[in-house]
Amino acid sequence: MNLKITKCHGSGNDFLIIDEITDGYQFSEEARAELAKALCNRESSLGADGILYVMSSQVADARMRVFNADGSEASMCGNGIRCVARYVCELLEVEEAVIETMKANLEVKNEADIYPNIPTYLVEISPVSFKTKDLPLHIESDTLLNEKIQGLHKDLSFTALAVPNPHLITLVDKDILDSEVQETLSKYVNGPNEYFPDGVNVSFVSILEQGSIYVRTYERGVGFTNACGTAMSASTLVTILNGYNKENSYVDVYNNGGKVRCYVHHQNGQYRIDLIGNATYVYRAEVALEWDTIENFIVKNKVYFEDEAIQYNKLQEEAQNYVEAHLK
Ligand SMILES: N[C@@H](CCC[C@H](N)C(=O)O)C(=O)O
């Protein structure tokens, strides 16, 4: 078959968008997972952190399904939904839309550019739950709020939350970031282990100054990525709960792929986070493939969005310089 794809990134967390609405593809569940494993392979001529399937919806303007590079399906993707937001808003010629995801219908909208000439979208991150059963996390208590788990690390305190995909977050300084701790811990909780039967996204967070933080995430189903949107949203909330930032104000969240902005709303005992950042197109292409030998796919007619890359590189360079100057 001949498959049309759009490579897009949010904070350098990159995805292949496959539009099942316009292009009329009918995939089996197995085929969606197989495509993710083959096309996201970084050794291949494509490579990505995941695939975003854009589908029609009975209850919203469009539906998004997210498959990680290992073929597992995620309930949500914060950087990915910004890419889908742009794709759907341009397709439907609207400024805002509602996107159906696995666990919630989420509002998205075109927003003032976070940096000159960088298409920017605000996406709703919700629902938020601190219940261990919602991750799931197997420990005796119903929540894990800034507490130690001896089986994970003797000194670090963790918070676990679902937004609604699962996140494990700890606040650290530069010495810990520079060590092997995050990789070792993340591989453990994403392999056979007694705590997280479905794995978990693991973020190490550093406070840069009031109103700005740095987040590095080891993603379930992928490994270290440049950034993880749901992790940056969840991490912002954790820094607020720890008294470093405030509700109802913007927090700049730096990552290895650039920078986003988060805003935490707290109403009627519920949290909802606005995640605001780039949705940058990298290229459009066609992929010729045979299902029996899917790993031998051929990429044709790649057309790059060069201007978008040039502009995004400027944001990324500024963000990197800021992090280097402030990380302690
Ligand atoms: N990169 C994403 C999250 C993708 C899913 C995640 N790996 C999971 O399995 O939960 C984001 O930007 O939120």
# chains A, B, ... in the order shown; residues from 1 in each chain; ligands from 1
>>> residues_near_ligand(ligand="ligand 1", cutoff="8 Å", atoms="only C-alpha atoms and all ligand atoms", output="PyMOL selection string")
chain A and resi 10+13+49-50+66-68+72-81+165-167+199-201+219-222+225+227-232
>>> write_last_selection(atoms="N, CA and C atoms", output="short mmCIF file (atom, residue, chain, number, x, y, z; two decimals), in the first residue's frame")
data_model
loop_
_atom_site.label_atom_id
_atom_site.label_comp_id
_atom_site.auth_asym_id
_atom_site.auth_seq_id
_atom_site.Cartn_x
_atom_site.Cartn_y
_atom_site.Cartn_z
N GLY A 10 6.40 18.29 18.65
CA GLY A 10 6.10 19.23 19.73
C GLY A 10 7.29 19.16 20.67
N ASN A 13 9.65 16.22 20.40
CA ASN A 13 9.03 14.91 20.60
C ASN A 13 8.29 14.66 19.27
N ASP A 49 9.01 9.09 17.72
CA ASP A 49 8.67 8.61 19.07
C ASP A 49 7.31 7.91 19.08
N GLY A 50 6.51 8.16 18.07
CA GLY A 50 5.20 7.50 18.05
C GLY A 50 4.42 7.82 16.80
N VAL A 66 -2.87 7.26 19.96
CA VAL A 66 -1.41 7.41 20.09
C VAL A 66 -0.77 6.05 20.26
N PHE A 67 0.16 5.72 19.40
CA PHE A 67 0.92 4.48 19.56
C PHE A 67 2.39 4.83 19.78
N ASN A 68 2.96 4.29 20.87
CA ASN A 68 4.38 4.47 21.15
C ASN A 68 5.22 3.69 20.14
N SER A 72 2.91 -0.15 21.70
CA SER A 72 1.89 -0.07 22.76
C SER A 72 1.06 1.20 22.54
N GLU A 73 -0.19 1.15 22.99
CA GLU A 73 -1.05 2.32 22.83
C GLU A 73 -1.07 3.13 24.12
N ALA A 74 -0.96 4.46 24.02
CA ALA A 74 -1.02 5.35 25.19
C ALA A 74 -2.38 6.03 25.23
N SER A 75 -2.83 6.35 26.45
CA SER A 75 -4.15 6.98 26.56
C SER A 75 -4.10 8.45 26.17
N MET A 76 -2.91 9.03 26.19
CA MET A 76 -2.84 10.47 25.92
C MET A 76 -1.42 10.84 25.52
N CYS A 77 -1.28 11.97 24.85
CA CYS A 77 0.04 12.48 24.47
C CYS A 77 -0.06 13.99 24.33
N GLY A 78 0.61 14.72 25.22
CA GLY A 78 0.47 16.18 25.26
C GLY A 78 1.14 16.88 24.09
N ASN A 79 2.35 16.45 23.72
CA ASN A 79 3.00 17.05 22.56
C ASN A 79 2.30 16.60 21.28
N GLY A 80 1.86 15.36 21.28
CA GLY A 80 1.18 14.81 20.10
C GLY A 80 -0.14 15.50 19.84
N ILE A 81 -0.88 15.79 20.89
CA ILE A 81 -2.21 16.39 20.65
C ILE A 81 -2.06 17.83 20.14
N ASN A 165 -2.52 9.52 31.31
CA ASN A 165 -1.46 8.50 31.22
C ASN A 165 -0.58 8.61 32.48
N PRO A 166 0.13 7.54 32.82
CA PRO A 166 0.76 7.49 34.14
C PRO A 166 2.13 8.15 34.21
N HIS A 167 2.35 8.89 35.29
CA HIS A 167 3.63 9.59 35.48
C HIS A 167 4.17 9.41 36.89
N GLY A 199 3.93 -0.22 33.36
CA GLY A 199 5.01 0.73 33.10
C GLY A 199 4.57 2.14 33.46
N VAL A 200 5.49 3.10 33.33
CA VAL A 200 5.17 4.49 33.72
C VAL A 200 6.18 5.43 33.06
N ASN A 201 5.75 6.64 32.78
CA ASN A 201 6.65 7.69 32.28
C ASN A 201 7.36 8.30 33.48
N GLU A 219 10.27 8.01 28.59
CA GLU A 219 8.89 7.65 28.28
C GLU A 219 8.66 6.15 28.19
N ARG A 220 7.60 5.74 28.80
CA ARG A 220 7.12 4.37 28.63
C ARG A 220 6.95 4.08 27.14
N GLY A 221 7.43 2.93 26.72
CA GLY A 221 7.21 2.55 25.31
C GLY A 221 8.17 3.19 24.33
N VAL A 222 9.06 4.06 24.81
CA VAL A 222 9.98 4.75 23.90
C VAL A 222 11.41 4.80 24.47
N THR A 225 13.09 10.81 25.62
CA THR A 225 12.68 11.61 24.46
C THR A 225 13.12 13.06 24.72
N ALA A 227 11.24 15.52 24.90
CA ALA A 227 10.26 16.12 25.79
C ALA A 227 9.02 15.24 25.83
N CYS A 228 8.23 15.39 26.88
CA CYS A 228 6.95 14.67 26.96
C CYS A 228 5.93 15.68 27.50
N GLY A 229 4.92 15.97 26.71
CA GLY A 229 3.97 17.04 27.05
C GLY A 229 3.16 16.75 28.30
N THR A 230 2.66 15.52 28.41
CA THR A 230 1.88 15.20 29.61
C THR A 230 2.80 15.24 30.83
N ALA A 231 4.06 14.81 30.67
CA ALA A 231 5.01 14.84 31.79
C ALA A 231 5.30 16.28 32.22
N MET A 232 5.44 17.18 31.25
CA MET A 232 5.72 18.58 31.61
C MET A 232 4.53 19.19 32.32
#
>>> residues_around(residues="Pro197 of chain A", least_positions_apart="4", cutoff="10 Å", atoms="only C-alpha atoms", output="PyMOL selection string")
chain A and resi 135-138+189-193
>>> write_last_selection(atoms="C-alpha atoms", output="tab-separated table (two decimals), in the first residue's frame")
chain	number	residue	atom	x	y	z
A	135	LEU	CA	-1.90	4.58	37.00
A	136	PRO	CA	-1.89	1.70	38.14
A	137	LEU	CA	0.73	1.70	40.93
A	138	HIS	CA	0.76	-1.21	43.35
A	189	VAL	CA	9.75	0.37	36.39
A	190	ASN	CA	9.21	-0.23	32.66
A	191	GLY	CA	10.28	-3.86	32.85
A	192	PRO	CA	8.79	-6.66	34.94
A	193	ASN	CA	8.46	-5.07	38.40
>>> closest_residue(among="A:Asp142, A:Glu95, A:Glu308, A:Glu247", to="His9 of chain A", atoms="only C-alpha atoms")
A:Glu308
>>> residues_around(residues="Val260 of chain A", least_positions_apart="2", cutoff="8 Å", atoms="only C-alpha atoms", output="list in words")
Ser11, Ile114, Asp252, Val253, Tyr254, Gly258, Cys262, Leu275, Ile276, Gly277 and Asn278 of chain A
>>> closest_residue(among="A:Ile240, A:Leu161, A:Leu3, A:Leu168", to="Asp23 of chain A", atoms="only C-alpha atoms")
A:Leu3
>>> atom_distance(atom1="atom CA of Glu90 of chain A", atom2="atom CA of Asp113 of chain A")
15.8 Å
>>> residues_around(residues="Lys4 of chain A", least_positions_apart="5", cutoff="8 Å", atoms="only C-alpha atoms", output="PyMOL selection string")
chain A and resi 18-19+23+284-287
>>> write_last_selection(atoms="C-alpha atoms", output="PDB file, in the first residue's frame")
ATOM      1  CA  ILE A  18      -1.550   9.242   9.680  1.00  0.00           C
ATOM      2  CA  ASP A  19      -4.857  10.742   8.589  1.00  0.00           C
ATOM      3  CA  ASP A  23      -7.035   9.161   3.253  1.00  0.00           C
ATOM      4  CA  ARG A 284       5.324  15.250   4.303  1.00  0.00           C
ATOM      5  CA  ALA A 285       6.049  11.966   2.528  1.00  0.00           C
ATOM      6  CA  GLU A 286       4.606   8.779   1.084  1.00  0.00           C
ATOM      7  CA  VAL A 287       5.520   5.335   2.322  1.00  0.00           C
TER       8      VAL A 287
END
>>> closest_residue(among="A:Trp291, A:Tyr53, A:Tyr271, A:Tyr25", to="Ile125 of chain A", atoms="only C-alpha atoms")
A:Tyr271
>>> select_by_dssp(residues="segment 26-111 of chain A", states="strand (DSSP E or B)", output="MDAnalysis selection string")
chainID A and resid 50:55 62:68 73:74 96:100 105:111
>>> write_last_selection(atoms="N, CA and C atoms", output="PDB file, in the first residue's frame")
ATOM      1  N   GLY A  50       6.507   8.163  18.066  1.00  0.00           N
ATOM      2  CA  GLY A  50       5.200   7.499  18.051  1.00  0.00           C
ATOM      3  C   GLY A  50       4.424   7.821  16.801  1.00  0.00           C
ATOM      4  N   ILE A  51       3.267   7.151  16.655  1.00  0.00           N
ATOM      5  CA  ILE A  51       2.350   7.470  15.550  1.00  0.00           C
ATOM      6  C   ILE A  51       1.072   8.047  16.143  1.00  0.00           C
ATOM      7  N   LEU A  52       0.574   9.099  15.494  1.00  0.00           N
ATOM      8  CA  LEU A  52      -0.698   9.707  15.866  1.00  0.00           C
ATOM      9  C   LEU A  52      -1.692   9.393  14.758  1.00  0.00           C
ATOM     10  N   TYR A  53      -2.678   8.576  15.063  1.00  0.00           N
ATOM     11  CA  TYR A  53      -3.717   8.278  14.074  1.00  0.00           C
ATOM     12  C   TYR A  53      -4.829   9.305  14.256  1.00  0.00           C
ATOM     13  N   VAL A  54      -5.141  10.028  13.181  1.00  0.00           N
ATOM     14  CA  VAL A  54      -6.237  10.997  13.222  1.00  0.00           C
ATOM     15  C   VAL A  54      -7.448  10.338  12.582  1.00  0.00           C
ATOM     16  N   MET A  55      -8.504  10.219  13.361  1.00  0.00           N
ATOM     17  CA  MET A  55      -9.673   9.442  12.912  1.00  0.00           C
ATOM     18  C   MET A  55     -10.940  10.290  13.053  1.00  0.00           C
ATOM     19  N   ALA A  62     -12.649  15.375  15.915  1.00  0.00           N
ATOM     20  CA  ALA A  62     -11.780  14.307  15.390  1.00  0.00           C
ATOM     21  C   ALA A  62     -11.355  13.455  16.575  1.00  0.00           C
ATOM     22  N   ARG A  63     -10.752  12.331  16.269  1.00  0.00           N
ATOM     23  CA  ARG A  63     -10.281  11.439  17.326  1.00  0.00           C
ATOM     24  C   ARG A  63      -8.784  11.214  17.131  1.00  0.00           C
ATOM     25  N   MET A  64      -8.047  11.139  18.249  1.00  0.00           N
ATOM     26  CA  MET A  64      -6.611  10.852  18.163  1.00  0.00           C
ATOM     27  C   MET A  64      -6.334   9.535  18.886  1.00  0.00           C
ATOM     28  N   ARG A  65      -5.575   8.684  18.229  1.00  0.00           N
ATOM     29  CA  ARG A  65      -5.029   7.510  18.931  1.00  0.00           C
ATOM     30  C   ARG A  65      -3.518   7.580  18.842  1.00  0.00           C
ATOM     31  N   VAL A  66      -2.867   7.264  19.964  1.00  0.00           N
ATOM     32  CA  VAL A  66      -1.411   7.412  20.088  1.00  0.00           C
ATOM     33  C   VAL A  66      -0.775   6.054  20.264  1.00  0.00           C
ATOM     34  N   PHE A  67       0.162   5.721  19.396  1.00  0.00           N
ATOM     35  CA  PHE A  67       0.923   4.480  19.559  1.00  0.00           C
ATOM     36  C   PHE A  67       2.391   4.828  19.785  1.00  0.00           C
ATOM     37  N   ASN A  68       2.956   4.289  20.866  1.00  0.00           N
ATOM     38  CA  ASN A  68       4.377   4.466  21.151  1.00  0.00           C
ATOM     39  C   ASN A  68       5.217   3.695  20.136  1.00  0.00           C
ATOM     40  N   GLU A  73      -0.192   1.148  22.989  1.00  0.00           N
ATOM     41  CA  GLU A  73      -1.053   2.324  22.831  1.00  0.00           C
ATOM     42  C   GLU A  73      -1.073   3.128  24.123  1.00  0.00           C
ATOM     43  N   ALA A  74      -0.962   4.462  24.016  1.00  0.00           N
ATOM     44  CA  ALA A  74      -1.015   5.348  25.189  1.00  0.00           C
ATOM     45  C   ALA A  74      -2.377   6.029  25.231  1.00  0.00           C
ATOM     46  N   GLU A  96     -10.383  26.473  16.778  1.00  0.00           N
ATOM     47  CA  GLU A  96     -10.404  25.594  17.944  1.00  0.00           C
ATOM     48  C   GLU A  96     -11.229  24.364  17.647  1.00  0.00           C
ATOM     49  N   ALA A  97     -10.990  23.333  18.433  1.00  0.00           N
ATOM     50  CA  ALA A  97     -11.668  22.059  18.161  1.00  0.00           C
ATOM     51  C   ALA A  97     -11.695  21.222  19.432  1.00  0.00           C
ATOM     52  N   VAL A  98     -12.457  20.138  19.361  1.00  0.00           N
ATOM     53  CA  VAL A  98     -12.451  19.170  20.456  1.00  0.00           C
ATOM     54  C   VAL A  98     -11.953  17.851  19.869  1.00  0.00           C
ATOM     55  N   ILE A  99     -10.985  17.263  20.558  1.00  0.00           N
ATOM     56  CA  ILE A  99     -10.386  16.015  20.079  1.00  0.00           C
ATOM     57  C   ILE A  99     -10.742  14.891  21.042  1.00  0.00           C
ATOM     58  N   GLU A 100     -11.318  13.836  20.515  1.00  0.00           N
ATOM     59  CA  GLU A 100     -11.614  12.652  21.336  1.00  0.00           C
ATOM     60  C   GLU A 100     -10.307  11.875  21.551  1.00  0.00           C
ATOM     61  N   ASN A 105     -12.580  13.835  26.054  1.00  0.00           N
ATOM     62  CA  ASN A 105     -12.665  14.713  24.893  1.00  0.00           C
ATOM     63  C   ASN A 105     -12.022  16.034  25.310  1.00  0.00           C
ATOM     64  N   LEU A 106     -10.995  16.466  24.576  1.00  0.00           N
ATOM     65  CA  LEU A 106     -10.161  17.570  25.055  1.00  0.00           C
ATOM     66  C   LEU A 106     -10.235  18.779  24.132  1.00  0.00           C
ATOM     67  N   GLU A 107     -10.280  19.957  24.754  1.00  0.00           N
ATOM     68  CA  GLU A 107     -10.339  21.203  23.979  1.00  0.00           C
ATOM     69  C   GLU A 107      -8.939  21.604  23.522  1.00  0.00           C
ATOM     70  N   VAL A 108      -8.843  22.027  22.282  1.00  0.00           N
ATOM     71  CA  VAL A 108      -7.566  22.507  21.742  1.00  0.00           C
ATOM     72  C   VAL A 108      -7.821  23.799  20.982  1.00  0.00           C
ATOM     73  N   LYS A 109      -6.838  24.687  20.960  1.00  0.00           N
ATOM     74  CA  LYS A 109      -7.039  25.898  20.149  1.00  0.00           C
ATOM     75  C   LYS A 109      -5.728  26.514  19.698  1.00  0.00           C
ATOM     76  N   ASN A 110      -5.837  27.198  18.594  1.00  0.00           N
ATOM     77  CA  ASN A 110      -4.699  27.958  18.070  1.00  0.00           C
ATOM     78  C   ASN A 110      -4.437  29.101  19.044  1.00  0.00           C
ATOM     79  N   GLU A 111      -3.173  29.336  19.369  1.00  0.00           N
ATOM     80  CA  GLU A 111      -2.831  30.295  20.413  1.00  0.00           C
ATOM     81  C   GLU A 111      -1.782  31.261  19.870  1.00  0.00           C
TER      82      GLU A 111
END
>>> atom_distance(atom1="atom CA of Leu208 of chain A", atom2="atom CA of Pro164 of chain A")
26.4 Å
